[in-house]
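Engineer: Pasting entry_18.pdb below, which is PDB, C-alpha atoms.
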```
ATOM      1  CA  MET A  13     128.726 115.589 163.352
ATOM      2  CA  LYS A  14     129.755 112.304 161.736
ATOM      3  CA  HIS A  15     126.113 111.354 161.095
ATOM      4  CA  LEU A  16     125.411 114.834 159.701
ATOM      5  CA  ILE A  17     128.318 114.592 157.271
ATOM      6  CA  SER A  18     127.136 111.106 156.203
ATOM      7  CA  ALA A  19     123.590 112.400 155.682
ATOM      8  CA  ILE A  20     124.829 115.351 153.610
ATOM      9  CA  PHE A  21     126.973 112.998 151.513
ATOM     10  CA  MET A  22     124.043 110.621 150.935
ATOM     11  CA  LEU A  23     121.748 113.523 150.030
ATOM     12  CA  ALA A  24     124.332 114.931 147.620
ATOM     13  CA  THR A  25     124.710 111.481 146.051
ATOM     14  CA  LEU A  26     120.951 111.082 145.635
ATOM     15  CA  LEU A  27     120.644 114.552 144.111
ATOM     16  CA  PHE A  28     123.499 113.797 141.723
ATOM     17  CA  TYR A  29     121.909 110.571 140.481
ATOM     18  CA  ALA A  30     118.493 112.200 140.305
ATOM     19  CA  GLN A  31     119.962 114.963 138.163
ATOM     20  CA  GLU A  32     121.721 112.424 135.957
ATOM     21  CA  THR A  33     118.458 110.460 135.515
ATOM     22  CA  ALA A  34     116.556 113.641 134.647
ATOM     23  CA  THR A  35     119.284 114.568 132.176
ATOM     24  CA  ASP A  36     119.123 111.114 130.563
ATOM     25  CA  LEU A  37     115.358 111.438 130.237
ATOM     26  CA  GLN A  38     115.888 114.670 128.331
ATOM     27  CA  LYS A  39     118.188 113.053 125.794
ATOM     28  CA  TRP A  40     117.051 112.010 122.339
ATOM     29  CA  SER A  41     116.512 108.228 122.356
ATOM     30  CA  ALA A  42     116.885 105.615 119.627
ATOM     31  CA  GLY A  43     115.020 103.040 121.725
ATOM     32  CA  ARG A  44     111.611 103.541 120.095
ATOM     33  CA  PRO A  45     110.190 102.709 116.642
ATOM     34  CA  ASP A  46     110.663 106.273 115.382
ATOM     35  CA  GLY A  47     114.167 106.407 116.866
ATOM     36  CA  HIS A  48     115.541 105.942 113.352
ATOM     37  CA  ALA A  49     114.721 107.983 110.250
ATOM     38  CA  PRO A  50     112.770 106.468 107.328
ATOM     39  CA  ILE A  51     114.751 103.495 106.038
ATOM     40  CA  PRO A  52     116.241 105.135 102.869
ATOM     41  CA  VAL A  53     117.971 107.880 104.903
ATOM     42  CA  MET A  54     121.607 106.923 105.557
ATOM     43  CA  GLY A  55     123.730 108.072 108.483
ATOM     44  CA  ASP A  56     120.639 109.332 110.302
ATOM     45  CA  HIS A  57     121.578 108.174 113.809
ATOM     46  CA  MET A  58     124.517 107.349 116.072
ATOM     47  CA  HIS A  59     125.232 104.730 118.742
ATOM     48  CA  GLY A  60     126.466 104.583 122.313
ATOM     49  CA  LYS A  61     130.022 103.609 123.196
ATOM     50  CA  GLY A  62     130.779  99.988 122.296
ATOM     51  CA  GLU A  63     127.552  99.413 120.389
ATOM     52  CA  TRP A  64     127.409  97.666 117.005
ATOM     53  CA  MET A  65     124.697  97.714 114.370
ATOM     54  CA  PHE A  66     124.350  95.668 111.188
ATOM     55  CA  SER A  67     121.843  96.496 108.479
ATOM     56  CA  TYR A  68     120.454  95.247 105.178
ATOM     57  CA  ARG A  69     118.413  97.309 102.735
ATOM     58  CA  TYR A  70     116.770  96.422  99.451
ATOM     59  CA  MET A  71     115.858  99.200  97.046
ATOM     60  CA  TYR A  72     113.849  98.945  93.837
ATOM     61  CA  MET A  73     113.659 101.961  91.523
ATOM     62  CA  ASN A  74     111.714 102.089  88.270
ATOM     63  CA  MET A  75     112.263 104.625  85.487
ATOM     64  CA  GLU A  76     109.805 104.653  82.601
ATOM     65  CA  ASP A  77     108.871 107.029  79.746
ATOM     66  CA  LEU A  78     110.668 110.334  79.144
ATOM     67  CA  LYS A  79     110.933 113.849  80.529
ATOM     68  CA  GLN A  80     112.314 116.868  78.664
ATOM     69  CA  GLY A  81     112.962 119.562  81.208
ATOM     70  CA  SER A  82     109.875 119.477  83.441
ATOM     71  CA  ASP A  83     107.558 118.343  80.638
ATOM     72  CA  ASP A  84     106.614 114.832  79.544
ATOM     73  CA  ALA A  85     108.194 113.776  76.260
ATOM     74  CA  SER A  86     107.489 111.025  73.748
ATOM     75  CA  PHE A  87     109.876 108.470  72.313
ATOM     76  CA  ASP A  88     109.408 110.160  68.930
ATOM     77  CA  ASP A  89     110.735 113.400  70.464
ATOM     78  CA  ALA A  90     113.944 111.604  71.432
ATOM     79  CA  LEU A  91     114.274 109.743  68.124
ATOM     80  CA  GLU A  92     114.285 112.998  66.171
ATOM     81  CA  ASN A  93     117.876 113.565  67.351
ATOM     82  CA  TYR A  94     119.092 110.114  68.408
ATOM     83  CA  MET A  95     119.121 106.687  66.799
ATOM     84  CA  VAL A  96     118.005 104.961  70.012
ATOM     85  CA  THR A  97     116.114 105.864  73.181
ATOM     86  CA  PRO A  98     115.551 103.887  76.369
ATOM     87  CA  THR A  99     111.935 103.235  77.323
ATOM     88  CA  GLU A 100     112.266 101.700  80.781
ATOM     89  CA  MET A 101     114.956 101.005  83.387
ATOM     90  CA  PRO A 102     114.249  98.960  86.543
ATOM     91  CA  MET A 103     117.083  98.839  89.078
ATOM     92  CA  ASN A 104     117.612  96.627  92.128
ATOM     93  CA  MET A 105     120.122  97.449  94.867
ATOM     94  CA  HIS A 106     121.123  95.378  97.881
ATOM     95  CA  MET A 107     122.955  97.305 100.620
ATOM     96  CA  VAL A 108     124.787  95.818 103.600
ATOM     97  CA  GLY A 109     126.073  98.158 106.299
ATOM     98  CA  ALA A 110     127.829  98.113 109.658
ATOM     99  CA  MET A 111     128.181 100.758 112.372
ATOM    100  CA  PHE A 112     130.391 100.795 115.484
ATOM    101  CA  ALA A 113     130.755 103.451 118.185
ATOM    102  CA  PRO A 114     134.218 103.601 119.835
ATOM    103  CA  THR A 115     132.930 106.506 121.971
ATOM    104  CA  ASP A 116     129.591 108.163 122.713
ATOM    105  CA  LYS A 117     130.504 111.005 120.363
ATOM    106  CA  ILE A 118     131.947 109.041 117.428
ATOM    107  CA  THR A 119     130.379 106.334 115.258
ATOM    108  CA  ILE A 120     132.115 104.666 112.304
ATOM    109  CA  MET A 121     130.016 103.445 109.380
ATOM    110  CA  THR A 122     130.684 101.393 106.260
ATOM    111  CA  MET A 123     128.372 100.365 103.428
ATOM    112  CA  PHE A 124     128.636  97.836 100.574
ATOM    113  CA  ASN A 125     126.139  97.437  97.755
ATOM    114  CA  TYR A 126     125.287  95.156  94.859
ATOM    115  CA  LEU A 127     123.362  96.509  91.851
ATOM    116  CA  SER A 128     121.508  94.837  89.023
ATOM    117  CA  MET A 129     119.685  96.755  86.304
ATOM    118  CA  GLU A 130     118.369  96.457  82.807
ATOM    119  CA  MET A 131     117.379  98.998  80.193
ATOM    120  CA  ASP A 132     114.739  98.503  77.486
ATOM    121  CA  HIS A 133     115.306 100.396  74.212
ATOM    122  CA  ILE A 134     113.541 101.276  70.985
ATOM    123  CA  THR A 135     115.347 102.272  67.790
ATOM    124  CA  ARG A 136     114.402 104.815  65.138
ATOM    125  CA  MET A 137     113.561 101.886  62.858
ATOM    126  CA  GLY A 138     111.151 100.442  65.426
ATOM    127  CA  GLY A 139     113.352  97.639  66.737
ATOM    128  CA  THR A 140     113.671  96.831  70.427
ATOM    129  CA  PHE A 141     116.435  95.377  72.590
ATOM    130  CA  ILE A 142     117.505  95.106  76.251
ATOM    131  CA  THR A 143     120.888  95.626  77.914
ATOM    132  CA  GLU A 144     121.812  94.416  81.401
ATOM    133  CA  ALA A 145     124.509  95.138  83.984
ATOM    134  CA  SER A 146     125.194  93.947  87.529
ATOM    135  CA  GLY A 147     127.977  93.909  90.097
ATOM    136  CA  PHE A 148     129.319  95.269  93.371
ATOM    137  CA  GLY A 149     129.332  99.043  93.623
ATOM    138  CA  ASP A 150     131.570 101.562  95.376
ATOM    139  CA  ILE A 151     132.387 101.100  99.086
ATOM    140  CA  GLN A 152     131.371 103.872 101.511
ATOM    141  CA  ILE A 153     133.313 104.596 104.722
ATOM    142  CA  SER A 154     132.278 107.421 107.067
ATOM    143  CA  GLY A 155     132.812 108.877 110.506
ATOM    144  CA  LEU A 156     129.947 110.510 112.434
ATOM    145  CA  TYR A 157     130.478 113.035 115.251
ATOM    146  CA  ARG A 158     127.791 114.056 117.740
ATOM    147  CA  PHE A 159     127.593 117.794 118.456
ATOM    148  CA  PHE A 160     124.999 117.604 121.227
ATOM    149  CA  ASN A 161     122.208 115.470 122.693
ATOM    150  CA  LYS A 162     119.914 117.297 125.107
ATOM    151  CA  LYS A 163     116.318 118.412 125.516
ATOM    152  CA  LYS A 164     115.304 115.443 123.313
ATOM    153  CA  GLN A 165     117.200 116.937 120.394
ATOM    154  CA  THR A 166     120.479 115.861 118.840
ATOM    155  CA  MET A 167     122.701 116.878 115.944
ATOM    156  CA  HIS A 168     125.648 115.156 114.329
ATOM    157  CA  GLY A 169     127.920 115.588 111.325
ATOM    158  CA  GLN A 170     129.278 113.047 108.855
ATOM    159  CA  ILE A 171     132.501 112.982 106.867
ATOM    160  CA  GLY A 172     133.006 110.079 104.508
ATOM    161  CA  ILE A 173     134.651 108.843 101.364
ATOM    162  CA  SER A 174     133.462 106.634  98.522
ATOM    163  CA  ILE A 175     136.104 104.194  97.264
ATOM    164  CA  PRO A 176     135.703 103.462  93.511
ATOM    165  CA  THR A 177     135.444  99.683  93.594
ATOM    166  CA  GLY A 178     132.454  99.550  91.222
ATOM    167  CA  SER A 179     132.906  98.943  87.496
ATOM    168  CA  ILE A 180     132.672 101.777  84.953
ATOM    169  CA  THR A 181     133.313  99.487  81.960
ATOM    170  CA  GLU A 182     130.118  97.398  81.907
ATOM    171  CA  SER A 183     129.367  96.074  78.429
ATOM    172  CA  ASP A 184     126.632  94.181  76.614
ATOM    173  CA  VAL A 185     125.570  93.237  73.090
ATOM    174  CA  THR A 186     123.422  95.724  71.145
ATOM    175  CA  PRO A 187     122.022  95.463  67.596
ATOM    176  CA  ALA A 188     124.725  97.851  66.360
ATOM    177  CA  SER A 189     127.557  95.857  67.984
ATOM    178  CA  ALA A 190     126.361  92.248  67.523
ATOM    179  CA  PRO A 191     127.835  89.747  67.941
ATOM    180  CA  ASN A 192     130.359  91.715  70.032
ATOM    181  CA  GLU A 193     129.766  93.563  73.265
ATOM    182  CA  THR A 194     130.022  97.337  73.471
ATOM    183  CA  GLU A 195     130.472  99.633  76.454
ATOM    184  CA  LEU A 196     127.190 100.722  78.012
ATOM    185  CA  PRO A 197     126.182 104.359  78.628
ATOM    186  CA  TYR A 198     126.602 106.238  81.926
ATOM    187  CA  PRO A 199     123.380 105.217  83.755
ATOM    188  CA  MET A 200     124.220 101.522  83.244
ATOM    189  CA  GLN A 201     127.605 101.694  84.985
ATOM    190  CA  ILE A 202     127.980 100.275  88.497
ATOM    191  CA  GLY A 203     130.460 102.708  90.083
ATOM    192  CA  SER A 204     131.667 106.287  89.770
ATOM    193  CA  GLY A 205     135.357 105.636  89.082
ATOM    194  CA  THR A 206     136.351 108.546  91.360
ATOM    195  CA  PHE A 207     137.060 109.053  95.060
ATOM    196  CA  ASP A 208     134.046 111.041  96.248
ATOM    197  CA  ALA A 209     133.543 113.011  99.459
ATOM    198  CA  ASN A 210     130.317 112.350 101.356
ATOM    199  CA  LEU A 211     129.361 115.139 103.792
ATOM    200  CA  ALA A 212     126.195 115.487 105.877
ATOM    201  CA  VAL A 213     124.629 117.227 108.865
ATOM    202  CA  THR A 214     121.631 115.618 110.590
ATOM    203  CA  TYR A 215     119.258 117.060 113.201
ATOM    204  CA  LEU A 216     116.737 114.971 115.172
ATOM    205  CA  GLY A 217     114.010 115.901 117.637
ATOM    206  CA  GLN A 218     111.471 113.981 119.721
ATOM    207  CA  ALA A 219     108.339 114.453 121.775
ATOM    208  CA  ASP A 220     106.293 111.771 123.541
ATOM    209  CA  LYS A 221     104.386 110.560 120.463
ATOM    210  CA  ILE A 222     106.080 112.281 117.536
ATOM    211  CA  SER A 223     109.562 112.811 116.147
ATOM    212  CA  TRP A 224     111.073 114.825 113.332
ATOM    213  CA  GLY A 225     114.387 115.274 111.591
ATOM    214  CA  GLY A 226     116.297 116.894 108.775
ATOM    215  CA  GLN A 227     119.448 116.057 106.872
ATOM    216  CA  LEU A 228     121.560 118.109 104.484
ATOM    217  CA  ARG A 229     123.903 115.953 102.396
ATOM    218  CA  ALA A 230     126.434 116.564  99.617
ATOM    219  CA  ILE A 231     128.371 114.087  97.478
ATOM    220  CA  LEU A 232     131.309 115.914  95.908
ATOM    221  CA  ARG A 233     133.322 114.323  93.111
ATOM    222  CA  PHE A 234     136.915 115.190  92.269
ATOM    223  CA  GLY A 235     139.183 114.549  89.278
ATOM    224  CA  GLU A 236     138.328 112.260  86.390
ATOM    225  CA  ASN A 237     137.969 108.501  86.211
ATOM    226  CA  ASP A 238     139.735 106.213  83.740
ATOM    227  CA  ARG A 239     137.041 106.972  81.153
ATOM    228  CA  GLU A 240     137.810 110.734  81.214
ATOM    229  CA  PHE A 241     134.615 111.915  82.918
ATOM    230  CA  ARG A 242     133.101 112.351  86.362
ATOM    231  CA  TYR A 243     129.496 112.197  87.468
ATOM    232  CA  GLY A 244     127.883 115.392  88.717
ATOM    233  CA  ASN A 245     127.874 116.453  92.348
ATOM    234  CA  ARG A 246     124.770 115.518  94.298
ATOM    235  CA  GLN A 247     123.085 117.648  96.985
ATOM    236  CA  SER A 248     119.994 116.612  98.927
ATOM    237  CA  LEU A 249     117.834 118.043 101.699
ATOM    238  CA  ASN A 250     115.601 115.610 103.576
ATOM    239  CA  GLY A 251     112.916 116.429 106.117
ATOM    240  CA  TRP A 252     110.700 113.868 107.856
ATOM    241  CA  PHE A 253     108.006 113.559 110.486
ATOM    242  CA  ALA A 254     107.034 110.355 112.325
ATOM    243  CA  LEU A 255     104.154 109.332 114.571
ATOM    244  CA  LYS A 256     104.794 106.739 117.296
ATOM    245  CA  ALA A 257     101.628 104.610 117.133
ATOM    246  CA  THR A 258     102.734 102.008 119.713
ATOM    247  CA  ASP A 259     105.949 100.975 121.462
ATOM    248  CA  TRP A 260     106.767  98.850 118.403
ATOM    249  CA  LEU A 261     105.262 100.715 115.411
ATOM    250  CA  SER A 262     105.605 104.183 113.877
ATOM    251  CA  PHE A 263     104.476 105.795 110.622
ATOM    252  CA  SER A 264     106.479 108.411 108.726
ATOM    253  CA  THR A 265     106.268 110.919 105.921
ATOM    254  CA  ARG A 266     109.306 112.401 104.178
ATOM    255  CA  LEU A 267     110.092 115.150 101.676
ATOM    256  CA  GLU A 268     113.328 115.169  99.675
ATOM    257  CA  ALA A 269     114.756 117.957  97.511
ATOM    258  CA  LEU A 270     117.528 116.678  95.243
ATOM    259  CA  VAL A 271     119.931 118.490  92.908
ATOM    260  CA  ILE A 272     122.192 116.409  90.635
ATOM    261  CA  GLY A 273     124.877 118.055  88.518
ATOM    262  CA  GLU A 274     125.597 117.304  84.876
ATOM    263  CA  ILE A 275     128.329 114.819  83.932
ATOM    264  CA  ASP A 276     131.654 116.583  83.359
ATOM    265  CA  GLY A 277     133.828 115.301  80.516
ATOM    266  CA  ALA A 278     132.905 112.408  78.222
ATOM    267  CA  ASP A 279     133.730 108.743  77.754
ATOM    268  CA  PRO A 280     135.573 108.466  74.394
ATOM    269  CA  ASN A 281     134.092 104.983  73.887
ATOM    270  CA  LEU A 282     130.524 106.331  73.755
ATOM    271  CA  ASN A 283     128.825 107.964  70.771
ATOM    272  CA  PRO A 284     126.612 110.806  72.118
ATOM    273  CA  MET A 285     124.545 110.800  68.900
ATOM    274  CA  MET A 286     123.583 107.131  69.182
ATOM    275  CA  VAL A 287     121.407 107.034  72.327
ATOM    276  CA  ILE A 288     120.204 109.726  74.734
ATOM    277  CA  THR A 289     121.941 108.045  77.705
ATOM    278  CA  ALA A 290     125.356 108.434  75.997
ATOM    279  CA  ASP A 291     124.976 112.222  75.717
ATOM    280  CA  THR A 292     126.210 114.017  78.857
ATOM    281  CA  ALA A 293     123.840 116.918  78.102
ATOM    282  CA  ASN A 294     121.085 114.528  79.174
ATOM    283  CA  SER A 295     122.263 114.140  82.770
ATOM    284  CA  GLY A 296     121.429 115.752  86.083
ATOM    285  CA  GLY A 297     118.477 117.871  87.128
ATOM    286  CA  ASN A 298     116.299 119.022  90.018
ATOM    287  CA  PHE A 299     113.884 116.703  91.812
ATOM    288  CA  LEU A 300     111.319 116.794  94.611
ATOM    289  CA  ASN A 301     110.205 113.451  96.077
ATOM    290  CA  GLY A 302     107.644 112.449  98.698
ATOM    291  CA  GLY A 303     107.719 109.269 100.772
ATOM    292  CA  LEU A 304     105.395 107.335 103.094
ATOM    293  CA  GLY A 305     106.595 104.511 105.303
ATOM    294  CA  PHE A 306     106.668 102.740 108.629
ATOM    295  CA  ASN A 307     109.200 101.396 111.135
ATOM    296  CA  ILE A 308     108.799  98.331 113.363
ATOM    297  CA  TYR A 309     110.931  98.020 116.518
ATOM    298  CA  VAL A 310     111.320  95.152 118.991
ATOM    299  CA  PRO A 311     111.589  96.861 122.426
ATOM    300  CA  LYS A 312     112.279  93.810 124.604
ATOM    301  CA  GLY A 313     112.924  90.087 124.609
ATOM    302  CA  ALA A 314     115.457  87.984 122.740
ATOM    303  CA  LEU A 315     115.152  90.136 119.610
ATOM    304  CA  LYS A 316     115.399  93.484 121.405
ATOM    305  CA  ASN A 317     116.692  96.311 119.158
ATOM    306  CA  LEU A 318     115.755  94.501 115.941
ATOM    307  CA  ARG A 319     114.106  96.836 113.422
ATOM    308  CA  PHE A 320     112.233  96.611 110.128
ATOM    309  CA  GLY A 321     111.571  99.584 107.869
ATOM    310  CA  PHE A 322     109.614 100.263 104.688
ATOM    311  CA  GLU A 323     109.078 103.334 102.515
ATOM    312  CA  LEU A 324     107.489 104.042  99.133
ATOM    313  CA  VAL A 325     108.671 107.193  97.344
ATOM    314  CA  SER A 326     106.951 108.931  94.437
ATOM    315  CA  PRO A 327     108.280 111.922  92.470
ATOM    316  CA  LEU A 328     106.431 115.183  93.032
ATOM    317  CA  TYR A 329     108.468 117.283  90.588
ATOM    318  CA  GLN A 330     111.178 116.516  88.021
ATOM    319  CA  ASP A 331     113.132 119.030  85.957
ATOM    320  CA  VAL A 332     115.851 117.193  84.044
ATOM    321  CA  ASN A 333     118.662 118.470  81.862
ATOM    322  CA  GLY A 334     117.976 117.612  78.227
ATOM    323  CA  ILE A 335     115.804 114.542  77.749
ATOM    324  CA  GLN A 336     115.917 111.605  80.181
ATOM    325  CA  LEU A 337     113.998 108.669  81.553
ATOM    326  CA  ARG A 338     111.286 109.629  84.010
ATOM    327  CA  THR A 339     111.519 108.303  87.566
ATOM    328  CA  ARG A 340     108.329 106.523  88.567
ATOM    329  CA  GLU A 341     108.525 104.935  92.029
ATOM    330  CA  THR A 342     111.182 103.846  94.514
ATOM    331  CA  LEU A 343     110.577 101.168  97.132
ATOM    332  CA  THR A 344     112.984 100.579 100.030
ATOM    333  CA  LEU A 345     112.739  98.000 102.782
ATOM    334  CA  GLY A 346     115.319  96.840 105.277
ATOM    335  CA  THR A 347     116.247  95.460 108.656
ATOM    336  CA  GLN A 348     118.653  96.703 111.335
ATOM    337  CA  TYR A 349     119.981  95.026 114.471
ATOM    338  CA  ALA A 350     121.947  96.766 117.231
ATOM    339  CA  PHE A 351     123.729  95.166 120.177
TER     340      PHE A 351
END
```
Is it possible to express this structure as structure tokens?

Structural biologist:
Amino acid sequence: MKHLISAIFMLATLLFYAQETATDLQKWSAGRPDGHAPIPVMGDHMHGKGEWMFSYRYMYMNMEDLKQGSDDASFDDALENYMVTPTEMPMNMHMVGAMFAPTDKITIMTMFNYLSMEMDHITRMGGTFITEASGFGDIQISGLYRFFNKKKQTMHGQIGISIPTGSITESDVTPASAPNETELPYPMQIGSGTFDANLAVTYLGQADKISWGGQLRAILRFGENDREFRYGNRQSLNGWFALKATDWLSFSTRLEALVIGEIDGADPNLNPMMVITADTANSGGNFLNGGLGFNIYVPKGALKNLRFGFELVSPLYQDVNGIQLRTRETLTLGTQYAF
């Protein structure tokens, strides 16, 4: 009888661990090159209890020429109603992030960024000039909660806040203000000046050689900043598909639908008749973007869990409010390391 009881106990133990192993195999896994979303997607994944991850991303976005609604527009179109129009605006952003998981169901995330940008202009009289701005932007802090992870599918939610540490009083010299500096228009400011809610839901799925995901995100802005305005709310829907080429390389494609609200209120220091970027009627719009990229993952060795990501995004459709600069291309690359 004693041996029978011992055998039953050992069999029950083996069955338990076998079931646990089978269950683990059915879980969605980050330990593959397509275990993370394309590199521009934030808050796309979570971590196991006690795990840390640090990340760095570099983003370059170029805006050039004009759109009026969904149609192309000329500089002459803008100069019929304004004294000045921008012609080009390249922007560089450096983002440093950290994630930590106190439990298997909760991950905490924070993000810091540094922006530098310049804007080329042409005046109604044919003159040209450039303005520049740079500095640290708003700080993002979020909590992620996992709803489930089974059958190689997982879903989690995100609740976060943006702390207005970025400047909204950037200034530079223009021909009209020389030799003094004047406050720059809305697109040239570094921060939002308001405490903003950042909400998202992310779904991920995997098969042996492919993976897919979707994320619905909303940035909601409340109150007014010290310059008596607030930027428009921002809603985005991302969907992506990735192919695992090897244990260390995957390729991805992504589609993003983006809705940006119009600026509410107005900065009393800006003249909306001077330049199109100082007129709040020329803000916000609807956008559809497509991206192609790849992820590299180190599966073993001293650099295990080190990642590199790259994606190039091009606009597929733009319908802007009023008349605005046209987005051309956005390039994002970055590295992530978990331990």

Engineer: If we count all atoms listed in the file, what is near segment 336-339 of chain A at a cut-off of 10 Å, once residues fewer than 2 positions away on the same chain are taken out, given as a PyMOL selection string?

Structural biologist: chain A and resi 73-82+84-85+90+97-102+288-289+293-297+299+326-327+329-334+341-342

Engineer: Go ahead and write the selection's residues with C-alpha atoms as a tab-separated table (two decimals), in the coordinates of the input.

Structural biologist:
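The resulting file, selection.tsv, is shown below:
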```tsv
chain	number	residue	atom	x	y	z
A	73	MET	CA	113.66	101.96	91.52
A	74	ASN	CA	111.71	102.09	88.27
A	75	MET	CA	112.26	104.62	85.49
A	76	GLU	CA	109.80	104.65	82.60
A	77	ASP	CA	108.87	107.03	79.75
A	78	LEU	CA	110.67	110.33	79.14
A	79	LYS	CA	110.93	113.85	80.53
A	80	GLN	CA	112.31	116.87	78.66
A	81	GLY	CA	112.96	119.56	81.21
A	82	SER	CA	109.88	119.48	83.44
A	84	ASP	CA	106.61	114.83	79.54
A	85	ALA	CA	108.19	113.78	76.26
A	90	ALA	CA	113.94	111.60	71.43
A	97	THR	CA	116.11	105.86	73.18
A	98	PRO	CA	115.55	103.89	76.37
A	99	THR	CA	111.94	103.24	77.32
A	100	GLU	CA	112.27	101.70	80.78
A	101	MET	CA	114.96	101.00	83.39
A	102	PRO	CA	114.25	98.96	86.54
A	288	ILE	CA	120.20	109.73	74.73
A	289	THR	CA	121.94	108.04	77.70
A	293	ALA	CA	123.84	116.92	78.10
A	294	ASN	CA	121.08	114.53	79.17
A	295	SER	CA	122.26	114.14	82.77
A	296	GLY	CA	121.43	115.75	86.08
A	297	GLY	CA	118.48	117.87	87.13
A	299	PHE	CA	113.88	116.70	91.81
A	326	SER	CA	106.95	108.93	94.44
A	327	PRO	CA	108.28	111.92	92.47
A	329	TYR	CA	108.47	117.28	90.59
A	330	GLN	CA	111.18	116.52	88.02
A	331	ASP	CA	113.13	119.03	85.96
A	332	VAL	CA	115.85	117.19	84.04
A	333	ASN	CA	118.66	118.47	81.86
A	334	GLY	CA	117.98	117.61	78.23
A	341	GLU	CA	108.52	104.94	92.03
A	342	THR	CA	111.18	103.85	94.51
```

Engineer: Separation of atom CA of Thr140 of chain A and atom CA of Val96 of chain A, in Å?

Structural biologist: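 Taking atom CA of Thr140 of chain A and atom CA of Val96 of chain A, their separation equals 9.2 Å.
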
Engineer: So what does the PyMOL selection byres ((chain A and resi 275) around 12) actually pick up in this one, as a PDB file with C-alpha atoms, keeping the file's coordinate frame?

Structural biologist:
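expr_12.pdb written:
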```
ATOM      1  CA  PRO A 197     126.182 104.359  78.628  1.00  0.00           C
ATOM      2  CA  TYR A 198     126.602 106.238  81.926  1.00  0.00           C
ATOM      3  CA  PRO A 199     123.380 105.217  83.755  1.00  0.00           C
ATOM      4  CA  SER A 204     131.667 106.287  89.770  1.00  0.00           C
ATOM      5  CA  ARG A 233     133.322 114.323  93.111  1.00  0.00           C
ATOM      6  CA  PHE A 234     136.915 115.190  92.269  1.00  0.00           C
ATOM      7  CA  GLU A 236     138.328 112.260  86.390  1.00  0.00           C
ATOM      8  CA  ASN A 237     137.969 108.501  86.211  1.00  0.00           C
ATOM      9  CA  GLU A 240     137.810 110.734  81.214  1.00  0.00           C
ATOM     10  CA  PHE A 241     134.615 111.915  82.918  1.00  0.00           C
ATOM     11  CA  ARG A 242     133.101 112.351  86.362  1.00  0.00           C
ATOM     12  CA  TYR A 243     129.496 112.197  87.468  1.00  0.00           C
ATOM     13  CA  GLY A 244     127.883 115.392  88.717  1.00  0.00           C
ATOM     14  CA  ASN A 245     127.874 116.453  92.348  1.00  0.00           C
ATOM     15  CA  ARG A 246     124.770 115.518  94.298  1.00  0.00           C
ATOM     16  CA  ILE A 272     122.192 116.409  90.635  1.00  0.00           C
ATOM     17  CA  GLY A 273     124.877 118.055  88.518  1.00  0.00           C
ATOM     18  CA  GLU A 274     125.597 117.304  84.876  1.00  0.00           C
ATOM     19  CA  ASP A 276     131.654 116.583  83.359  1.00  0.00           C
ATOM     20  CA  GLY A 277     133.828 115.301  80.516  1.00  0.00           C
ATOM     21  CA  ALA A 278     132.905 112.408  78.222  1.00  0.00           C
ATOM     22  CA  ASP A 279     133.730 108.743  77.754  1.00  0.00           C
ATOM     23  CA  THR A 289     121.941 108.045  77.705  1.00  0.00           C
ATOM     24  CA  ALA A 290     125.356 108.434  75.997  1.00  0.00           C
ATOM     25  CA  ASP A 291     124.976 112.222  75.717  1.00  0.00           C
ATOM     26  CA  THR A 292     126.210 114.017  78.857  1.00  0.00           C
ATOM     27  CA  ALA A 293     123.840 116.918  78.102  1.00  0.00           C
ATOM     28  CA  ASN A 294     121.085 114.528  79.174  1.00  0.00           C
ATOM     29  CA  SER A 295     122.263 114.140  82.770  1.00  0.00           C
ATOM     30  CA  GLY A 296     121.429 115.752  86.083  1.00  0.00           C
ATOM     31  CA  GLY A 297     118.477 117.871  87.128  1.00  0.00           C
ATOM     32  CA  ASN A 333     118.662 118.470  81.862  1.00  0.00           C
TER      33      ASN A 333
END
```

Engineer: Which value, in Å to one decimal, gives the distance between atom CA of Asp184 of chain A and atom CA of Ile142 of chain A?

Structural biologist: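 A separation of 9.2 Å between them.
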
Engineer: Could you tell me, as a PyMOL selection string, exactly which residues end up selected when the PyMOL selection byres ((chain A and resi 159-165) around 9) is applied to this structure?

Structural biologist: chain A and resi 35-41+117+157-158+166-169+215-219

Engineer: Run the PyMOL selection byres ((chain A and resi 212) around 6) mentally over the shown coordinates, then write out the matched residues as a list in words, using the chain letters and numbers from the document.

Structural biologist: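 Selected by the PyMOL selection byres ((chain A and resi 212) around 6) here: Gly169, Gln170, Leu211, Val213, Leu228 and Arg229 of chain A.
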
Engineer: Tell me, in Å to one decimal, how far atom CA of Ile175 of chain A is from atom CA of Gly149 of chain A.

Structural biologist: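 Computing it gives 9.3 Å between the two atoms.
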
Engineer: Using all atoms listed in the file, can you tell me which of A:Thr119, A:Asn125, A:Asn104, A:Thr206 comes closest to Tyr68 of chain A?

Structural biologist: A:Asn125

Engineer: For Ile308 of chain A, find every residue with an atom within 8 Å (counting only C-alpha atoms), except residues of its own chain fewer than 4 positions away, and show them as number ranges by chain.

Structural biologist: A: 45, 260-262, 319-321

Engineer: Ranking A:Gly346, A:Pro284, A:Gly109, A:Gly62 by minimum distance to Phe306 of chain A and counting all atoms listed in the file, which one comes first?

Structural biologist: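 Under the stated criterion, the closest residue is A:Gly346.
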
Engineer: Could you check the closest approach to Glu323 of chain A for each of A:Arg340, A:Arg44, A:Arg69, A:Lys61 and tell me which residue wins, using all atoms listed in the file?

Structural biologist: A:Arg69

Engineer: Would you list the contacts of Leu304 of chain A as a list in words, taking every protein, DNA or RNA residue within 8 Å and counting all atoms listed in the file, but skipping same-chain residues closer than 3 positions in sequence?

Structural biologist: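 After dropping sequence-adjacent residues, the list is Phe263, Ser264, Thr265, Arg266, Glu323, Leu324 and Val325 of chain A.
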